[in-house]
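So this block is upload.txt, compact mmCIF, C-alpha atoms and all ligand atoms:
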```txt
# COMPACT_ATOMS: atom_id res chain seq x y z
CA MET A 1 -17.55 -22.31 7.36
CA ARG A 2 -15.19 -20.46 5.06
CA VAL A 3 -18.11 -18.93 3.17
CA LEU A 4 -19.66 -17.81 6.43
CA ILE A 5 -16.46 -16.08 7.44
CA LEU A 6 -16.25 -14.30 4.11
CA LEU A 7 -19.87 -13.23 4.32
CA SER A 8 -19.41 -11.86 7.80
CA ALA A 9 -16.41 -9.91 6.54
CA LEU A 10 -18.57 -8.47 3.80
CA THR A 11 -21.17 -7.45 6.30
CA ALA A 12 -18.52 -5.56 8.23
CA CYS A 13 -17.47 -3.60 5.14
CA ALA A 14 -21.05 -2.94 4.03
CA GLY A 15 -22.17 -2.32 7.61
CA ALA A 16 -19.77 0.56 7.88
CA SER A 17 -21.90 2.31 5.31
CA VAL A 18 -24.92 2.54 7.57
CA GLY A 19 -25.81 6.15 8.11
CA VAL A 20 -24.16 7.33 4.93
CA ALA A 21 -26.61 5.82 2.49
CA SER A 22 -26.56 8.90 0.31
CA ARG A 23 -22.88 8.40 -0.54
CA ARG A 24 -22.16 7.17 -4.03
CA GLY A 25 -19.94 4.37 -2.76
CA PHE A 26 -22.67 2.93 -0.59
CA ALA A 27 -25.31 3.12 -3.28
CA GLN A 28 -22.99 1.27 -5.64
CA SER A 29 -21.98 -1.34 -3.13
CA VAL A 30 -25.59 -2.11 -2.28
CA ALA A 31 -26.39 -2.37 -5.95
CA ARG A 32 -23.67 -4.96 -6.55
CA PRO A 33 -23.84 -7.56 -3.78
CA ALA A 34 -23.08 -10.45 -6.12
CA SER A 35 -19.89 -8.94 -7.49
CA ARG A 36 -18.74 -8.10 -3.98
CA VAL A 37 -19.10 -11.71 -2.92
CA THR A 38 -17.29 -12.92 -6.03
CA SER A 39 -14.55 -10.40 -5.55
CA ARG A 40 -14.07 -11.27 -1.90
CA VAL A 41 -13.92 -14.96 -2.59
CA THR A 42 -11.39 -14.34 -5.33
CA MET A 43 -9.39 -12.20 -2.96
CA ALA A 44 -8.51 -15.40 -1.16
CA ALA A 45 -6.08 -15.89 -4.06
CA ARG A 46 -4.29 -12.65 -3.12
CA THR A 47 -2.15 -12.61 -0.03
CA ALA A 48 -2.60 -9.41 1.95
CA LEU A 49 0.47 -7.26 2.54
CA ILE A 50 0.82 -5.13 5.64
CA ALA A 51 3.69 -2.67 5.27
CA GLY A 52 5.09 -0.24 7.81
CA ASN A 53 6.53 3.04 6.58
CA TRP A 54 8.69 4.48 9.32
CA LYS A 55 9.42 7.66 7.34
CA MET A 56 12.13 9.85 8.94
CA ASN A 57 11.73 8.44 12.45
CA THR A 58 13.74 6.42 14.97
CA VAL A 59 17.41 6.29 15.81
CA LEU A 60 19.36 3.07 15.39
CA SER A 61 18.60 1.57 18.82
CA GLU A 62 14.88 2.29 18.41
CA ALA A 63 14.88 0.86 14.90
CA VAL A 64 16.45 -2.40 16.03
CA ALA A 65 14.05 -2.73 18.98
CA LEU A 66 11.00 -2.02 16.84
CA ALA A 67 12.10 -4.47 14.16
CA LYS A 68 12.31 -7.18 16.84
CA VAL A 69 8.75 -6.48 17.91
CA VAL A 70 7.57 -6.68 14.30
CA ALA A 71 9.43 -9.95 13.68
CA ASP A 72 7.84 -11.51 16.78
CA ALA A 73 4.37 -10.17 16.04
CA SER A 74 4.45 -11.51 12.50
CA GLN A 75 5.09 -15.09 13.51
CA GLY A 76 1.60 -16.52 13.01
CA ALA A 77 0.30 -13.77 10.74
CA ALA A 78 -1.67 -14.76 7.67
CA ALA A 79 -0.58 -11.61 5.84
CA ASP A 80 2.78 -10.87 4.31
CA VAL A 81 4.58 -8.17 6.28
CA THR A 82 7.29 -5.68 5.40
CA ILE A 83 8.81 -2.63 7.04
CA CYS A 84 10.22 0.30 5.07
CA VAL A 85 12.93 1.73 7.27
CA PRO A 86 15.33 4.67 6.90
CA PHE A 87 18.42 3.93 4.77
CA PRO A 88 20.97 4.04 7.60
CA TYR A 89 19.25 1.19 9.47
CA LEU A 90 18.60 -1.19 6.60
CA ASP A 91 21.61 -3.37 7.34
CA ALA A 92 21.00 -3.60 11.09
CA VAL A 93 17.28 -4.21 10.65
CA SER A 94 18.01 -6.83 8.01
CA ARG A 95 19.98 -8.79 10.60
CA VAL A 96 17.14 -8.54 13.10
CA LEU A 97 14.63 -9.77 10.52
CA ALA A 98 16.77 -12.70 9.33
CA GLY A 99 14.79 -15.91 9.69
CA SER A 100 11.51 -14.07 10.20
CA LYS A 101 8.73 -13.67 7.65
CA VAL A 102 9.13 -9.89 7.59
CA GLY A 103 10.46 -8.37 4.38
CA LEU A 104 12.78 -5.39 4.38
CA GLY A 105 11.84 -2.30 2.42
CA ALA A 106 13.38 1.05 1.51
CA GLN A 107 11.42 4.29 1.32
CA ASP A 108 13.08 5.61 -1.83
CA VAL A 109 15.68 4.78 -4.44
CA CYS A 110 17.77 6.67 -6.96
CA GLU A 111 16.78 6.32 -10.61
CA TYR A 112 20.45 5.91 -11.62
CA ASP A 113 22.67 2.85 -11.32
CA LYS A 114 25.87 4.26 -9.82
CA GLY A 115 28.35 7.09 -9.96
CA ALA A 116 28.41 10.80 -9.20
CA TYR A 117 24.95 11.19 -7.63
CA THR A 118 25.74 12.54 -4.19
CA GLY A 119 23.28 11.22 -1.65
CA GLY A 120 21.79 8.71 -4.05
CA VAL A 121 21.05 5.13 -3.03
CA SER A 122 20.91 2.56 -5.83
CA THR A 123 18.94 -0.63 -6.21
CA ALA A 124 22.19 -2.60 -6.01
CA MET A 125 22.97 -0.97 -2.66
CA LEU A 126 19.51 -1.86 -1.39
CA GLN A 127 19.85 -5.45 -2.54
CA SER A 128 23.27 -5.77 -0.93
CA VAL A 129 21.72 -5.08 2.47
CA GLY A 130 18.82 -7.48 2.02
CA CYS A 131 16.03 -5.22 0.77
CA SER A 132 13.21 -6.76 -1.16
CA TYR A 133 10.70 -3.88 -1.34
CA VAL A 134 10.97 -0.22 -2.35
CA LEU A 135 8.30 2.48 -2.05
CA THR A 136 7.80 4.80 -5.01
CA GLY A 137 5.40 7.66 -5.54
CA HIS A 138 4.67 8.29 -1.88
CA SER A 139 2.70 11.52 -1.56
CA GLU A 140 5.43 13.05 0.60
CA ARG A 141 7.97 12.40 -2.16
CA ARG A 142 5.55 13.91 -4.65
CA ALA A 143 4.60 16.98 -2.59
CA ILE A 144 7.71 17.77 -0.54
CA PHE A 145 10.43 16.58 -2.89
CA GLY A 146 8.61 17.51 -6.09
CA GLU A 147 8.70 14.05 -7.66
CA SER A 148 6.79 13.90 -10.93
CA ASP A 149 5.04 10.88 -12.42
CA GLU A 150 7.93 10.74 -14.89
CA LEU A 151 10.55 10.44 -12.15
CA ILE A 152 8.38 8.00 -10.21
CA ASN A 153 8.15 5.91 -13.37
CA LYS A 154 11.94 5.90 -13.75
CA LYS A 155 12.34 4.75 -10.15
CA THR A 156 9.59 2.16 -10.47
CA ARG A 157 11.17 0.68 -13.58
CA LYS A 158 14.59 0.69 -11.97
CA VAL A 159 13.18 -1.24 -9.00
CA LEU A 160 11.50 -3.77 -11.29
CA ALA A 161 14.58 -4.16 -13.49
CA ALA A 162 16.56 -5.07 -10.38
CA GLY A 163 14.03 -7.77 -9.49
CA LEU A 164 12.86 -5.94 -6.38
CA LYS A 165 9.22 -5.48 -5.44
CA CYS A 166 7.78 -2.01 -5.79
CA ILE A 167 5.00 -0.49 -3.71
CA LEU A 168 3.72 2.30 -5.96
CA CYS A 169 1.67 4.85 -4.03
CA VAL A 170 -1.18 6.82 -5.55
CA GLY A 171 -3.86 9.04 -4.07
CA GLU A 172 -5.83 12.22 -4.38
CA LEU A 173 -5.77 15.54 -2.53
CA LYS A 174 -8.73 16.66 -0.42
CA GLU A 175 -9.91 19.12 -3.09
CA GLN A 176 -9.73 16.40 -5.70
CA ARG A 177 -11.92 14.06 -3.66
CA GLU A 178 -14.33 16.90 -3.05
CA ASP A 179 -14.60 17.83 -6.72
CA GLY A 180 -15.15 14.19 -7.70
CA SER A 181 -11.90 13.69 -9.62
CA THR A 182 -10.38 10.97 -7.41
CA ASP A 183 -10.60 8.17 -9.96
CA GLN A 184 -9.19 10.38 -12.70
CA VAL A 185 -6.29 11.56 -10.52
CA VAL A 186 -5.43 8.02 -9.51
CA ALA A 187 -5.70 6.80 -13.12
CA THR A 188 -3.30 9.54 -14.24
CA GLN A 189 -0.82 8.48 -11.55
CA LEU A 190 -1.14 4.86 -12.62
CA VAL A 191 -0.65 5.69 -16.30
CA GLY A 192 2.40 7.82 -15.50
CA GLY A 193 3.92 5.55 -12.87
CA LEU A 194 3.51 2.34 -14.84
CA LYS A 195 4.51 3.57 -18.28
CA GLY A 196 6.49 0.80 -19.98
CA VAL A 197 5.75 -1.74 -17.23
CA SER A 198 4.74 -5.10 -18.69
CA GLU A 199 1.98 -7.36 -17.44
CA ALA A 200 4.59 -9.90 -16.34
CA GLU A 201 6.31 -7.22 -14.26
CA LEU A 202 3.08 -6.51 -12.38
CA ALA A 203 3.86 -9.60 -10.31
CA ASN A 204 6.38 -7.39 -8.51
CA ILE A 205 4.10 -4.38 -8.14
CA VAL A 206 1.85 -3.58 -5.21
CA ILE A 207 -0.35 -0.51 -5.38
CA ALA A 208 -0.88 1.55 -2.23
CA TYR A 209 -3.94 3.73 -2.51
CA GLU A 210 -3.38 6.55 -0.03
CA PRO A 211 -5.74 9.51 -0.05
CA VAL A 212 -3.40 12.40 0.74
CA TRP A 213 -5.94 13.98 3.11
CA ALA A 214 -5.87 10.83 5.23
CA ILE A 215 -2.08 10.56 5.60
CA GLY A 216 -0.89 11.43 9.08
CA THR A 217 -4.08 13.34 9.78
CA GLY A 218 -6.05 10.79 11.78
CA LEU A 219 -8.73 11.02 9.10
CA THR A 220 -9.09 7.50 7.71
CA ALA A 221 -11.15 7.09 4.56
CA THR A 222 -14.34 5.25 5.38
CA PRO A 223 -14.33 1.61 4.29
CA GLU A 224 -16.82 2.41 1.55
CA GLN A 225 -14.76 5.34 0.23
CA ALA A 226 -11.65 3.18 0.22
CA GLN A 227 -13.44 0.19 -1.31
CA GLU A 228 -14.89 2.33 -4.07
CA THR A 229 -11.47 3.66 -5.10
CA HIS A 230 -9.81 0.27 -4.75
CA ALA A 231 -12.45 -1.17 -7.07
CA ALA A 232 -11.72 1.67 -9.52
CA VAL A 233 -8.00 0.90 -9.36
CA ARG A 234 -8.67 -2.78 -10.04
CA LYS A 235 -10.90 -1.82 -12.94
CA TRP A 236 -8.07 0.33 -14.31
CA PHE A 237 -5.80 -2.72 -14.33
CA ALA A 238 -8.48 -4.81 -16.05
CA ALA A 239 -8.84 -2.18 -18.77
CA ASN A 240 -5.15 -1.38 -19.20
CA TYR A 241 -3.64 -4.84 -18.70
CA SER A 242 -6.15 -7.69 -18.38
CA PRO A 243 -8.91 -8.91 -16.06
CA ALA A 244 -6.59 -11.70 -14.92
CA ALA A 245 -3.86 -9.20 -14.04
CA ALA A 246 -6.40 -7.05 -12.21
CA GLU A 247 -7.57 -9.96 -10.07
CA LYS A 248 -4.00 -10.66 -9.00
CA MET A 249 -3.09 -7.08 -8.07
CA VAL A 250 -2.48 -6.50 -4.38
CA ILE A 251 -3.94 -3.07 -3.57
CA GLN A 252 -3.18 -1.69 -0.14
CA TYR A 253 -5.00 1.10 1.62
CA GLY A 254 -2.94 3.72 3.45
CA GLY A 255 -3.82 6.79 5.50
CA SER A 256 -4.08 6.81 9.29
CA VAL A 257 -4.67 3.05 9.56
CA THR A 258 -4.87 2.03 13.22
CA PRO A 259 -5.84 -1.08 15.19
CA ASP A 260 -9.32 0.45 15.41
CA THR A 261 -9.81 0.78 11.66
CA VAL A 262 -7.82 -2.06 10.13
CA ASP A 263 -10.38 -4.87 10.55
CA GLU A 264 -13.18 -3.04 8.78
CA LEU A 265 -10.89 -1.86 6.01
CA MET A 266 -9.50 -5.35 5.50
CA SER A 267 -13.00 -6.79 5.31
CA CYS A 268 -13.61 -4.86 2.07
CA PRO A 269 -13.31 -7.09 -0.98
CA ASP A 270 -10.77 -5.02 -2.92
CA ILE A 271 -8.57 -3.98 0.00
CA ASP A 272 -5.61 -6.33 0.16
CA GLY A 273 -3.47 -4.83 2.85
CA ALA A 274 -2.34 -1.62 4.47
CA LEU A 275 0.54 0.82 4.24
CA VAL A 276 0.93 2.17 7.73
CA GLY A 277 2.88 5.23 8.83
CA GLY A 278 2.31 6.55 12.35
CA ALA A 279 0.92 3.36 13.85
CA SER A 280 3.84 1.31 12.48
CA LEU A 281 6.14 3.15 14.90
CA ILE A 282 4.29 1.81 17.93
CA GLY A 283 5.09 -1.87 18.36
CA ASP A 284 1.85 -3.08 19.93
CA LYS A 285 -0.30 -1.09 17.53
CA PHE A 286 1.50 -2.40 14.47
CA ALA A 287 1.41 -5.92 15.93
CA ARG A 288 -2.39 -5.69 16.11
CA ILE A 289 -2.60 -4.31 12.56
CA ILE A 290 -0.44 -7.15 11.22
CA ASN A 291 -2.80 -9.61 12.88
CA PHE A 292 -6.00 -7.97 11.64
CA VAL A 293 -9.22 -9.91 12.03
CA VAL A 294 -11.90 -10.19 9.34
P1 LIG B 301 -0.08 7.32 8.22
O1 LIG B 301 0.91 7.26 6.98
O2 LIG B 301 -0.47 5.91 8.55
O3 LIG B 301 0.70 7.98 9.32
O4 LIG B 301 -1.24 8.12 7.78
C1 LIG B 301 0.68 6.40 5.90
C2 LIG B 301 1.72 6.61 4.84
O5 LIG B 301 2.13 7.75 4.62
O6 LIG B 301 2.15 5.66 4.18
```

As structure tokens, how would this structure be written, given the file I've shared?
Amino acid sequence: MRVLILLSALTACAGASVGVASRRGFAQSVARPASRVTSRVTMAARTALIAGNWKMNTVLSEAVALAKVVADASQGAAADVTICVPFPYLDAVSRVLAGSKVGLGAQDVCEYDKGAYTGGVSTAMLQSVGCSYVLTGHSERRAIFGESDELINKKTRKVLAAGLKCILCVGELKEQREDGSTDQVVATQLVGGLKGVSEAELANIVIAYEPVWAIGTGLTATPEQAQETHAAVRKWFAANYSPAAAEKMVIQYGGSVTPDTVDELMSCPDIDGALVGGASLIGDKFARIINFVV
């Protein structure tokens, strides 16, 4: 029964390729059916993580109401769930989430411990209000706030040193996908972001692969495009850490995930969750995403 379910999930991911047979991702996925099955079965050892990224949205009353919806919707979910909320609401949302399975996340952190860093928010502050996750390397932090891989690495290591979990975001621009450099761009971000991070510390790292052209645009990567890059990310971990570490890595997809796209994406063998922006602000949509069906 279990095998049948997994196989039907595989069909959904592969089936999405119909009509785009000329794409590299499809050709590769057809050529490797055995490894896809193996990978999917192994994925059962990884627990999916669905994370909401509220970005700079909501006021306090909306944040509290939305958090309640997420807590309720997560009750029977098979996936782990977390919401990354604006700093001013962390404490209030933490109270709403108490006793639920939903983790609390921040969208950024300061790379310093404490002191004269006006506007900075430290890992200790985040922990004192119940945070367990922090996003680093989000494309908006990279593009709008000019964060370099070096700074992202400092933040990532600070998060890990504090014992928090880090969702490190990577992803290519539209031009980079078009010129075929996606895997190289993502590898460079991984090398930079994870410099000095040990294999043991990877237990507290989640990677969010988010093609920049798909963020907030309504353009979701096709399941085969996403699967292909997720497989490349996993391969990077196998080569740079170990095959065992690679198998354990939770790799989320992000970029315009909706209730309409989540099931197919989650049926891909190397996609272990979703980082959701826009749709995480709409309670019933996010509730459906949390309870994806494969
Ligand atoms: P989106 O955002 O779902 O609105 O595309 C995803 C993200 O930026 O994490």

Exercise answer, 8 Å around ligand LIG 301 (chain B) with only C-alpha atoms and all ligand atoms, as a PyMOL selection string: chain A and resi 52-53+55+138-140+210+214-218+220+254-258+275-280

Distance of CA of Glu264 (chain A) from CA of Val294 (chain A), expressed in Å to one decimal place: 7.3 Å

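By only C-alpha atoms, and with residues fewer than 5 positions from Val64 (chain A) along its chain excluded, the set lying at most 12 Å from it is A:Thr58, A:Val59, A:Val69, A:Val70, A:Ala71, A:Ile83, A:Val85, A:Pro86, A:Pro88, A:Tyr89, A:Leu90, A:Asp91, A:Ala92, A:Val93, A:Ser94, A:Arg95, A:Val96, A:Leu97, A:Leu281, A:Gly283.
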
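With all atoms listed in the file as the atoms that count, the residue of A:Asp183, A:Glu247, A:Asp80, A:Glu201 with the shortest distance to Glu228 (chain A) is A:Asp183.
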
Nearest to Pro211 (chain A), chosen from A:Val159, A:Ala63, A:Ile271, A:Val186, with only C-alpha atoms counted in the distances: A:Val186

Long-range neighbours of Gly196 (chain A) as a list in words, 12 Å cut-off, only C-alpha atoms, 5 positions minimum in chain: Glu150, Asn153, Lys154, Thr156, Arg157, Lys158, Leu160, Ala161, Leu190, Val191, Glu201, Leu202, Asn240 and Tyr241 of chain A

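Note that CA of Cys268 (chain A) and CA of Val134 (chain A) are 25.4 Å apart.
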
One-decimal distance in Å that lies between CA of Tyr133 (chain A) and CA of Leu164 (chain A): 5.9 Å

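Every polymer residue reaching to within 10 Å of (21.5, 1.0, -5.2), counting only C-alpha atoms, appears in this list: A:Val109, A:Cys110, A:Glu111, A:Tyr112, A:Asp113, A:Lys114, A:Gly120, A:Val121, A:Ser122, A:Thr123, A:Ala124, A:Met125, A:Leu126, A:Gln127, A:Ser128, A:Val129, A:Lys158, A:Val159, A:Ala162.
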
Pick from A:Gly163, A:Pro223, A:Gly180, A:Gly103, whichever lies nearest to Ile205 (chain A) using all atoms listed in the file: A:Gly163

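Counting all atoms listed in the file and comparing A:Ile251, A:Ala187, A:Ala73, A:Val206, the residue that lies closest to Ala239 (chain A) is A:Ala187.
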
Long-range neighbours of Ile152 (chain A) as an MDAnalysis selection string, 7 Å cut-off, all atoms listed in the file, 5 positions minimum in chain: chainID A and resid 136:137 147 193

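Nearest to Ala48 (chain A) of all the residues A:Ala221, A:Leu60, A:Val293, A:Ala78 is A:Ala78, based on all atoms listed in the file.
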
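Shortest atom-to-atom contact with Ile290 (chain A) among A:Asp270, A:Glu175, A:Glu224, A:Asp263: A:Asp263, counting only C-alpha atoms.
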
Point (13.7, 3.0, -0.2), cut-off 7 Å, counting all atoms listed in the file, residues as a VMD selection string: chain A and resid 84 87 105 to 109 134 to 135

Neighbour list for Val81 (chain A) as a PyMOL selection string, cut-off 7 Å, all atoms listed in the file, skip fewer than 3 positions in-chain: chain A and resi 49-51+102-103
